[in-house]
file input25.txt (compact mmCIF, N, CA and C atoms)
# COMPACT_ATOMS: atom_id res chain seq x y z
N MET A 1 4.76 124.84 16.33
CA MET A 1 5.18 125.23 17.66
C MET A 1 5.49 126.73 17.63
N ASP A 2 4.92 127.46 18.59
CA ASP A 2 5.23 128.89 18.68
C ASP A 2 6.38 129.12 19.65
N ALA A 3 6.79 130.38 19.78
CA ALA A 3 7.95 130.71 20.61
C ALA A 3 7.75 130.33 22.07
N SER A 4 6.54 130.50 22.60
CA SER A 4 6.28 130.14 24.01
C SER A 4 6.39 128.64 24.24
N ALA A 5 5.84 127.86 23.34
CA ALA A 5 5.93 126.40 23.47
C ALA A 5 7.37 125.94 23.31
N TYR A 6 8.09 126.59 22.43
CA TYR A 6 9.50 126.24 22.24
C TYR A 6 10.31 126.56 23.49
N ALA A 7 10.09 127.75 24.06
CA ALA A 7 10.79 128.12 25.29
C ALA A 7 10.48 127.14 26.41
N ALA A 8 9.23 126.71 26.51
CA ALA A 8 8.85 125.74 27.54
C ALA A 8 9.54 124.40 27.31
N ALA A 9 9.64 123.98 26.05
CA ALA A 9 10.33 122.71 25.74
C ALA A 9 11.82 122.81 26.09
N LEU A 10 12.43 123.95 25.81
CA LEU A 10 13.84 124.14 26.18
C LEU A 10 14.00 124.12 27.69
N ARG A 11 13.10 124.79 28.38
CA ARG A 11 13.19 124.85 29.84
C ARG A 11 13.06 123.46 30.45
N THR A 12 12.24 122.62 29.89
CA THR A 12 12.12 121.24 30.37
C THR A 12 13.45 120.52 30.29
N GLN A 13 14.15 120.68 29.17
CA GLN A 13 15.45 120.02 29.01
C GLN A 13 16.50 120.63 29.94
N LEU A 14 16.49 121.95 30.08
CA LEU A 14 17.43 122.60 30.98
C LEU A 14 17.19 122.18 32.43
N ASP A 15 15.93 122.10 32.83
CA ASP A 15 15.61 121.71 34.20
C ASP A 15 16.05 120.28 34.51
N ARG A 16 16.07 119.43 33.50
CA ARG A 16 16.51 118.04 33.70
C ARG A 16 17.98 117.95 34.10
N VAL A 17 18.78 118.94 33.73
CA VAL A 17 20.21 118.91 34.07
C VAL A 17 20.57 119.95 35.13
N ALA A 18 19.57 120.56 35.75
CA ALA A 18 19.82 121.66 36.70
C ALA A 18 20.68 121.22 37.88
N ASP A 19 20.45 120.04 38.43
CA ASP A 19 21.25 119.60 39.57
C ASP A 19 22.72 119.44 39.19
N ALA A 20 22.96 118.80 38.05
CA ALA A 20 24.34 118.61 37.59
C ALA A 20 24.99 119.95 37.25
N ALA A 21 24.25 120.85 36.62
CA ALA A 21 24.79 122.15 36.27
C ALA A 21 25.07 122.98 37.52
N ALA A 22 24.22 122.89 38.52
CA ALA A 22 24.45 123.61 39.78
C ALA A 22 25.72 123.10 40.45
N ALA A 23 25.92 121.79 40.44
CA ALA A 23 27.14 121.22 41.03
C ALA A 23 28.38 121.71 40.28
N LYS A 24 28.29 121.78 38.94
CA LYS A 24 29.41 122.30 38.16
C LYS A 24 29.68 123.76 38.50
N LEU A 25 28.62 124.55 38.60
CA LEU A 25 28.78 125.97 38.91
C LEU A 25 29.40 126.15 40.30
N GLU A 26 28.99 125.34 41.25
CA GLU A 26 29.60 125.40 42.59
C GLU A 26 31.09 125.08 42.53
N ARG A 27 31.45 124.08 41.74
CA ARG A 27 32.88 123.74 41.60
C ARG A 27 33.65 124.84 40.89
N ILE A 28 33.04 125.48 39.89
CA ILE A 28 33.68 126.58 39.18
C ILE A 28 33.95 127.73 40.14
N VAL A 29 32.96 128.09 40.93
CA VAL A 29 33.11 129.18 41.89
C VAL A 29 34.24 128.86 42.88
N ALA A 30 34.27 127.63 43.35
CA ALA A 30 35.30 127.22 44.31
C ALA A 30 36.70 127.21 43.68
N ALA A 31 36.78 126.90 42.40
CA ALA A 31 38.08 126.76 41.73
C ALA A 31 38.57 128.05 41.08
N ALA A 32 37.74 129.08 41.05
CA ALA A 32 38.13 130.33 40.38
C ALA A 32 39.40 130.91 41.01
N PRO A 33 40.44 131.10 40.22
CA PRO A 33 41.68 131.70 40.74
C PRO A 33 41.44 133.13 41.23
N ASP A 34 42.29 133.57 42.11
CA ASP A 34 42.17 134.93 42.67
C ASP A 34 42.20 136.01 41.60
N ALA A 35 42.88 135.77 40.50
CA ALA A 35 43.00 136.77 39.44
C ALA A 35 41.72 136.93 38.61
N ALA A 36 40.77 136.00 38.77
CA ALA A 36 39.53 136.09 38.00
C ALA A 36 38.74 137.33 38.42
N GLU A 37 38.19 138.01 37.43
CA GLU A 37 37.45 139.24 37.69
C GLU A 37 35.95 139.10 37.46
N GLU A 38 35.56 138.13 36.64
CA GLU A 38 34.15 137.93 36.32
C GLU A 38 33.94 136.52 35.82
N LEU A 39 32.78 135.94 36.15
CA LEU A 39 32.40 134.63 35.65
C LEU A 39 31.29 134.83 34.63
N GLN A 40 31.61 134.57 33.38
CA GLN A 40 30.64 134.75 32.30
C GLN A 40 29.98 133.42 31.96
N LEU A 41 28.66 133.46 31.85
CA LEU A 41 27.86 132.31 31.43
C LEU A 41 27.34 132.66 30.04
N LEU A 42 27.91 132.00 29.04
CA LEU A 42 27.68 132.36 27.65
C LEU A 42 26.80 131.33 26.96
N VAL A 43 25.78 131.81 26.27
CA VAL A 43 24.86 130.94 25.53
C VAL A 43 25.24 131.02 24.06
N PHE A 44 25.53 129.87 23.48
CA PHE A 44 25.97 129.77 22.09
C PHE A 44 24.89 129.07 21.25
N PRO A 45 23.94 129.82 20.66
CA PRO A 45 22.99 129.17 19.74
C PRO A 45 23.72 128.79 18.46
N ASP A 46 23.24 127.73 17.80
CA ASP A 46 23.89 127.34 16.55
C ASP A 46 23.74 128.44 15.50
N GLN A 47 24.65 128.47 14.57
CA GLN A 47 24.70 129.55 13.57
C GLN A 47 23.47 129.62 12.69
N ASP A 48 22.87 128.47 12.38
CA ASP A 48 21.76 128.46 11.43
C ASP A 48 20.40 128.64 12.08
N GLY A 49 20.33 128.67 13.41
CA GLY A 49 19.05 128.84 14.10
C GLY A 49 18.18 127.60 14.02
N GLU A 50 18.81 126.44 14.00
CA GLU A 50 18.06 125.19 13.93
C GLU A 50 17.58 124.71 15.29
N GLY A 51 18.21 125.19 16.37
CA GLY A 51 17.76 124.81 17.71
C GLY A 51 18.84 124.23 18.60
N GLY A 52 20.00 123.95 18.07
CA GLY A 52 21.09 123.45 18.90
C GLY A 52 21.75 124.60 19.64
N PHE A 53 22.30 124.30 20.81
CA PHE A 53 23.01 125.33 21.56
C PHE A 53 23.83 124.71 22.67
N SER A 54 24.71 125.53 23.22
CA SER A 54 25.48 125.13 24.39
C SER A 54 25.55 126.32 25.33
N ILE A 55 25.84 126.01 26.59
CA ILE A 55 26.03 127.04 27.61
C ILE A 55 27.38 126.75 28.26
N VAL A 56 28.27 127.73 28.20
CA VAL A 56 29.64 127.54 28.65
C VAL A 56 30.01 128.65 29.63
N ALA A 57 30.69 128.27 30.71
CA ALA A 57 31.21 129.23 31.69
C ALA A 57 32.64 129.59 31.30
N THR A 58 32.97 130.85 31.48
CA THR A 58 34.33 131.30 31.21
C THR A 58 34.70 132.38 32.22
N LEU A 59 35.93 132.36 32.63
CA LEU A 59 36.43 133.36 33.57
C LEU A 59 37.13 134.47 32.80
N GLU A 60 36.89 135.70 33.21
CA GLU A 60 37.54 136.86 32.61
C GLU A 60 38.53 137.42 33.60
N GLY A 61 39.64 137.91 33.08
CA GLY A 61 40.69 138.51 33.89
C GLY A 61 42.00 138.37 33.16
N PRO A 62 43.08 138.78 33.81
CA PRO A 62 44.39 138.66 33.16
C PRO A 62 44.75 137.21 32.90
N ASP A 63 45.26 136.94 31.71
CA ASP A 63 45.65 135.60 31.29
C ASP A 63 44.46 134.63 31.37
N ALA A 64 43.42 134.96 30.62
CA ALA A 64 42.18 134.18 30.63
C ALA A 64 42.41 132.70 30.32
N TYR A 65 43.39 132.41 29.49
CA TYR A 65 43.68 131.01 29.18
C TYR A 65 44.02 130.23 30.45
N VAL A 66 44.87 130.78 31.27
CA VAL A 66 45.25 130.12 32.53
C VAL A 66 44.06 130.05 33.47
N LEU A 67 43.30 131.13 33.56
CA LEU A 67 42.13 131.15 34.42
C LEU A 67 41.16 130.02 34.05
N ASN A 68 40.91 129.87 32.76
CA ASN A 68 39.93 128.90 32.31
C ASN A 68 40.42 127.46 32.40
N ARG A 69 41.72 127.27 32.41
CA ARG A 69 42.24 125.91 32.63
C ARG A 69 41.84 125.41 34.01
N ALA A 70 41.72 126.31 34.98
CA ALA A 70 41.36 125.93 36.34
C ALA A 70 39.94 125.38 36.45
N ILE A 71 39.08 125.71 35.47
CA ILE A 71 37.68 125.25 35.52
C ILE A 71 37.32 124.37 34.32
N GLU A 72 38.31 123.96 33.55
CA GLU A 72 38.07 123.25 32.28
C GLU A 72 37.09 122.09 32.40
N ALA A 73 37.22 121.28 33.41
CA ALA A 73 36.38 120.08 33.54
C ALA A 73 34.90 120.39 33.71
N ASP A 74 34.58 121.58 34.18
CA ASP A 74 33.18 121.92 34.49
C ASP A 74 32.60 123.04 33.64
N ARG A 75 33.33 123.51 32.66
CA ARG A 75 32.91 124.70 31.91
C ARG A 75 31.61 124.54 31.14
N THR A 76 31.35 123.38 30.57
CA THR A 76 30.14 123.19 29.77
C THR A 76 28.98 122.82 30.69
N LEU A 77 28.03 123.73 30.82
CA LEU A 77 26.87 123.51 31.69
C LEU A 77 25.74 122.81 30.95
N PHE A 78 25.67 122.98 29.64
CA PHE A 78 24.62 122.34 28.84
C PHE A 78 25.12 122.30 27.40
N GLU A 79 24.79 121.20 26.71
CA GLU A 79 25.20 121.10 25.31
C GLU A 79 24.26 120.16 24.58
N VAL A 80 23.81 120.60 23.42
CA VAL A 80 23.03 119.75 22.53
C VAL A 80 24.02 119.10 21.57
N ARG A 81 23.99 117.78 21.52
CA ARG A 81 24.84 117.03 20.59
C ARG A 81 23.96 116.40 19.52
N HIS A 82 24.48 116.39 18.32
CA HIS A 82 23.73 115.82 17.20
C HIS A 82 24.28 114.44 16.87
N GLY A 83 23.37 113.48 16.75
CA GLY A 83 23.77 112.12 16.40
C GLY A 83 22.81 111.53 15.39
N ALA A 84 23.01 110.28 15.09
CA ALA A 84 22.18 109.59 14.09
C ALA A 84 20.71 109.54 14.50
N GLN A 85 20.46 109.54 15.80
CA GLN A 85 19.08 109.47 16.29
C GLN A 85 18.47 110.84 16.56
N GLY A 86 19.21 111.91 16.20
CA GLY A 86 18.71 113.26 16.44
C GLY A 86 19.47 113.93 17.56
N PRO A 87 18.95 115.06 18.04
CA PRO A 87 19.66 115.80 19.08
C PRO A 87 19.53 115.14 20.46
N THR A 88 20.61 115.26 21.23
CA THR A 88 20.61 114.80 22.61
C THR A 88 21.12 115.95 23.46
N PRO A 89 20.34 116.42 24.42
CA PRO A 89 18.99 116.04 24.76
C PRO A 89 18.02 116.40 23.63
N PRO A 90 16.83 115.83 23.69
CA PRO A 90 15.90 115.98 22.56
C PRO A 90 15.19 117.34 22.52
N VAL A 91 15.92 118.38 22.15
CA VAL A 91 15.32 119.70 21.98
C VAL A 91 14.66 119.76 20.60
N PRO A 92 13.59 120.53 20.47
CA PRO A 92 12.98 120.68 19.14
C PRO A 92 13.96 121.34 18.18
N MET A 93 13.98 120.86 16.96
CA MET A 93 14.85 121.41 15.92
C MET A 93 13.98 121.95 14.79
N PHE A 94 14.52 122.91 14.06
CA PHE A 94 13.80 123.57 12.98
C PHE A 94 14.66 123.64 11.74
N ALA A 95 14.03 123.63 10.58
CA ALA A 95 14.76 123.94 9.35
C ALA A 95 15.11 125.43 9.42
N PRO A 96 16.29 125.80 8.98
CA PRO A 96 16.70 127.21 9.07
C PRO A 96 15.65 128.15 8.47
N GLY A 97 15.26 129.15 9.25
CA GLY A 97 14.32 130.16 8.77
C GLY A 97 12.87 129.73 8.71
N ARG A 98 12.54 128.55 9.23
CA ARG A 98 11.17 128.03 9.10
C ARG A 98 10.36 128.04 10.39
N ALA A 99 10.91 128.53 11.47
CA ALA A 99 10.22 128.45 12.76
C ALA A 99 9.10 129.47 12.90
N GLY A 100 9.18 130.60 12.21
CA GLY A 100 8.18 131.64 12.38
C GLY A 100 8.53 132.60 13.51
N PHE A 101 9.67 132.37 14.15
CA PHE A 101 10.20 133.25 15.19
C PHE A 101 11.71 133.07 15.19
N GLU A 102 12.40 133.96 15.85
CA GLU A 102 13.86 133.87 15.88
C GLU A 102 14.28 132.88 16.95
N VAL A 103 14.62 131.68 16.52
CA VAL A 103 14.99 130.57 17.39
C VAL A 103 16.13 130.96 18.33
N ARG A 104 17.14 131.64 17.81
CA ARG A 104 18.31 131.98 18.63
C ARG A 104 17.96 132.93 19.76
N ASP A 105 17.03 133.87 19.53
CA ASP A 105 16.61 134.76 20.61
C ASP A 105 15.89 133.97 21.70
N VAL A 106 15.02 133.06 21.31
CA VAL A 106 14.27 132.26 22.30
C VAL A 106 15.23 131.39 23.10
N ILE A 107 16.22 130.81 22.43
CA ILE A 107 17.21 129.98 23.14
C ILE A 107 17.91 130.81 24.21
N VAL A 108 18.43 131.97 23.84
CA VAL A 108 19.18 132.80 24.79
C VAL A 108 18.27 133.28 25.91
N ASP A 109 17.05 133.67 25.59
CA ASP A 109 16.13 134.14 26.63
C ASP A 109 15.76 133.03 27.60
N ALA A 110 15.45 131.84 27.08
CA ALA A 110 15.11 130.72 27.97
C ALA A 110 16.31 130.32 28.82
N ALA A 111 17.47 130.26 28.21
CA ALA A 111 18.68 129.90 28.94
C ALA A 111 19.03 130.96 29.98
N SER A 112 18.81 132.23 29.67
CA SER A 112 19.13 133.30 30.61
C SER A 112 18.30 133.19 31.88
N GLY A 113 17.01 132.93 31.74
CA GLY A 113 16.16 132.76 32.92
C GLY A 113 16.61 131.58 33.77
N TRP A 114 16.94 130.49 33.10
CA TRP A 114 17.43 129.30 33.79
C TRP A 114 18.76 129.59 34.49
N LEU A 115 19.65 130.29 33.82
CA LEU A 115 20.95 130.62 34.41
C LEU A 115 20.82 131.55 35.60
N GLU A 116 19.89 132.49 35.56
CA GLU A 116 19.67 133.37 36.72
C GLU A 116 19.27 132.54 37.94
N GLU A 117 18.39 131.58 37.74
CA GLU A 117 17.98 130.71 38.84
C GLU A 117 19.13 129.83 39.30
N LEU A 118 19.91 129.33 38.36
CA LEU A 118 21.07 128.50 38.69
C LEU A 118 22.08 129.31 39.51
N TRP A 119 22.31 130.55 39.12
CA TRP A 119 23.24 131.41 39.85
C TRP A 119 22.75 131.63 41.29
N ALA A 120 21.46 131.91 41.43
CA ALA A 120 20.90 132.13 42.77
C ALA A 120 21.07 130.89 43.64
N ARG A 121 20.93 129.75 43.05
CA ARG A 121 21.02 128.47 43.77
C ARG A 121 22.46 128.09 44.11
N ALA A 122 23.38 128.30 43.19
CA ALA A 122 24.72 127.73 43.32
C ALA A 122 25.85 128.73 43.53
N ALA A 123 25.63 130.01 43.26
CA ALA A 123 26.76 130.94 43.29
C ALA A 123 26.52 132.22 44.08
N ARG A 124 25.30 132.72 44.10
CA ARG A 124 25.06 133.99 44.79
C ARG A 124 25.42 133.85 46.27
N GLY A 125 26.22 134.77 46.74
CA GLY A 125 26.66 134.74 48.13
C GLY A 125 27.86 133.84 48.37
N ARG A 126 28.24 133.06 47.36
CA ARG A 126 29.40 132.17 47.46
C ARG A 126 30.52 132.58 46.53
N SER A 127 30.15 133.22 45.44
CA SER A 127 31.14 133.58 44.44
C SER A 127 31.90 134.83 44.87
N PRO A 128 33.23 134.80 44.76
CA PRO A 128 34.01 135.99 45.09
C PRO A 128 33.97 137.04 43.96
N ILE A 129 33.41 136.68 42.84
CA ILE A 129 33.36 137.57 41.68
C ILE A 129 31.94 137.63 41.13
N PRO A 130 31.58 138.72 40.47
CA PRO A 130 30.24 138.81 39.88
C PRO A 130 30.12 137.90 38.65
N GLY A 131 28.88 137.65 38.29
CA GLY A 131 28.61 136.85 37.10
C GLY A 131 27.97 137.71 36.02
N TYR A 132 27.87 137.12 34.85
CA TYR A 132 27.38 137.83 33.68
C TYR A 132 26.81 136.78 32.73
N ILE A 133 25.62 137.02 32.22
CA ILE A 133 24.99 136.13 31.24
C ILE A 133 24.91 136.88 29.92
N ALA A 134 25.29 136.23 28.84
CA ALA A 134 25.19 136.86 27.52
C ALA A 134 24.94 135.81 26.45
N GLY A 135 24.26 136.23 25.41
CA GLY A 135 24.12 135.42 24.22
C GLY A 135 25.21 135.83 23.25
N ILE A 136 25.88 134.87 22.68
CA ILE A 136 26.93 135.16 21.71
C ILE A 136 26.32 135.85 20.48
N ASP A 137 27.08 136.75 19.92
CA ASP A 137 26.69 137.51 18.73
C ASP A 137 25.45 138.37 18.95
N GLY A 138 25.16 138.71 20.23
CA GLY A 138 24.05 139.60 20.53
C GLY A 138 22.68 138.96 20.51
N TRP A 139 22.59 137.65 20.43
CA TRP A 139 21.28 136.99 20.43
C TRP A 139 20.64 137.13 21.79
N GLY A 140 19.32 137.14 21.80
CA GLY A 140 18.54 137.25 23.02
C GLY A 140 17.98 138.65 23.18
N THR A 141 16.84 138.72 23.85
CA THR A 141 16.21 140.02 24.08
C THR A 141 16.32 140.45 25.54
N VAL A 142 16.75 139.55 26.42
CA VAL A 142 16.88 139.88 27.85
C VAL A 142 18.33 139.95 28.29
N ALA A 143 19.23 139.39 27.53
CA ALA A 143 20.67 139.39 27.87
C ALA A 143 21.30 140.62 27.25
N PRO A 144 22.35 141.16 27.80
CA PRO A 144 23.14 140.62 28.90
C PRO A 144 22.50 140.89 30.27
N VAL A 145 22.82 140.01 31.21
CA VAL A 145 22.33 140.11 32.59
C VAL A 145 23.53 140.09 33.52
N GLU A 146 23.60 141.06 34.41
CA GLU A 146 24.65 141.07 35.41
C GLU A 146 24.16 140.37 36.67
N LEU A 147 25.03 139.57 37.28
CA LEU A 147 24.67 138.76 38.44
C LEU A 147 25.53 139.17 39.63
N GLU A 148 24.91 139.38 40.77
CA GLU A 148 25.64 139.76 41.97
C GLU A 148 26.45 138.60 42.52
N ALA A 149 27.63 138.90 43.04
CA ALA A 149 28.47 137.88 43.66
C ALA A 149 27.81 137.34 44.92
call {"tool": "encode", "arguments": {"input": "input25.txt", "output": "structure tokens"}}
result
Amino acid sequence: MDASAYAAALRTQLDRVADAAAAKLERIVAAAPDAAEELQLLVFPDQDGEGGFSIVATLEGPDAYVLNRAIEADRTLFEVRHGAQGPTPPVPMFAPGRAGFEVRDVIVDAASGWLEELWARAARGRSPIPGYIAGIDGWGTVAPVELEA
């Protein structure tokens, strides 16, 4: 599998949860306390580059802990869980260093495109604060992305 096929496989899994993720993002925007200054959508690829990842929303501003408690129930927009039967949802997995491309960059890039569309659908024009997409630890070739409120 090359990077393009991998990105397409990730996008298929992300699109399957787009309605639920959009509903979560709408609730996050509605619940954001007045003190919130920015809504960050963070992509966390696994450390070893095997293919697991999560996408988590976080509010930035004074007393971030309190801000994020207001959205706790909806913060995780996507998450790959590992079980006895493999990953759920069934994203392609790789042995560390064996993919032939940087798995973590492809994850962040695919997720960033999906998140931009999700923001346009669920938050743009509704959010009182701007958004921001980033890959943790600098992963991704298109992130960070700033999103208009």
call {"tool": "residues_around", "arguments": {"input": "input25.txt", "residues": "region 134-138 of chain A", "least_positions_apart": "2", "cutoff": "10 Å", "atoms": "only C-alpha atoms", "output": "list of chain:residue names"}}
result
A:Gln40, A:Leu41, A:Leu42, A:Val43, A:Phe44, A:Pro45, A:Asp46, A:Gln47, A:Ile55, A:Arg104, A:Asp105, A:Ile107, A:Val108, A:Asp109, A:Ala111, A:Ser112, A:Tyr132, A:Gly140, A:Thr141, A:Val142, A:Ala143, A:Pro144, A:Val145, A:Glu146
call {"tool": "closest_residue", "arguments": {"input": "input25.txt", "among": "A:Gln13, A:Ala57, A:Val103, A:Glu26", "to": "Thr76 (chain A)", "atoms": "all atoms listed in the file"}}
result
A:Ala57
call {"tool": "axis_aligned_box", "arguments": {"input": "input25.txt", "around": "region 92-105 of chain A", "padding_each_side": "4 Å", "output": "AutoDock Vina command-line options"}}
result
--center_x 13.2 --center_y 127.6 --center_z 15.1 --size_x 18.1 --size_y 22.2 --size_z 21.2
call {"tool": "select_by_dssp", "arguments": {"input": "input25.txt", "residues": "region 70-111 of chain A", "states": "helix (DSSP H, G or I)", "output": "VMD selection string"}}
result
chain A and resid 72 to 74 103 to 111
call {"tool": "closest_residue", "arguments": {"input": "input25.txt", "among": "A:Asp2, A:Asp48, A:Glu79, A:Glu60", "to": "Pro96 (chain A)", "atoms": "all atoms listed in the file"}}
result
A:Asp48
call {"tool": "residues_around", "arguments": {"input": "input25.txt", "residues": "Ile71 (chain A)", "least_positions_apart": "6", "cutoff": "7 Å", "atoms": "all atoms listed in the file", "output": "ChimeraX atom specification"}}
result
/A:27-28,31-32
call {"tool": "atom_distance", "arguments": {"input": "input25.txt", "atom1": "CA of His82 (chain A)", "atom2": "CA of Val56 (chain A)"}}
result
17.4 Å
call {"tool": "residues_around", "arguments": {"input": "input25.txt", "residues": "Asp63 (chain A)", "least_positions_apart": "4", "cutoff": "10 Å", "atoms": "only C-alpha atoms", "output": "ChimeraX atom specification"}}
result
/A:35-36,59,67-68
call {"tool": "atom_distance", "arguments": {"input": "input25.txt", "atom1": "CA of Pro92 (chain A)", "atom2": "atom N of Ala7 (chain A)"}}
result
9.1 Å
call {"tool": "atom_distance", "arguments": {"input": "input25.txt", "atom1": "CA of Ala123 (chain A)", "atom2": "atom N of Pro62 (chain A)"}}
result
20.4 Å
call {"tool": "closest_residue", "arguments": {"input": "input25.txt", "among": "A:Ala30, A:Ala95, A:Val106, A:Ala70", "to": "Tyr6 (chain A)", "atoms": "all atoms listed in the file"}}
result
A:Val106
call {"tool": "residues_around", "arguments": {"input": "input25.txt", "residues": "Ala122 (chain A)", "least_positions_apart": "2", "cutoff": "7 Å", "atoms": "all atoms listed in the file", "output": "VMD selection string"}}
result
chain A and resid 22 to 23 25 to 26 117 to 120 124 to 127
call {"tool": "select_by_dssp", "arguments": {"input": "input25.txt", "residues": "chain A", "states": "strand (DSSP E or B)", "output": "number ranges by chain"}}
result
A: 38-45, 53-60, 76-79, 81-83, 86-88, 131-135, 145-147
call {"tool": "closest_residue", "arguments": {"input": "input25.txt", "among": "A:Gly100, A:Arg16, A:Val80, A:Pro130", "to": "Met1 (chain A)", "atoms": "only N, CA and C atoms"}}
result
A:Gly100
call {"tool": "closest_residue", "arguments": {"input": "input25.txt", "among": "A:Ala110, A:Met93, A:Val17, A:Ala3", "to": "Phe78 (chain A)", "atoms": "all atoms listed in the file"}}
result
A:Val17
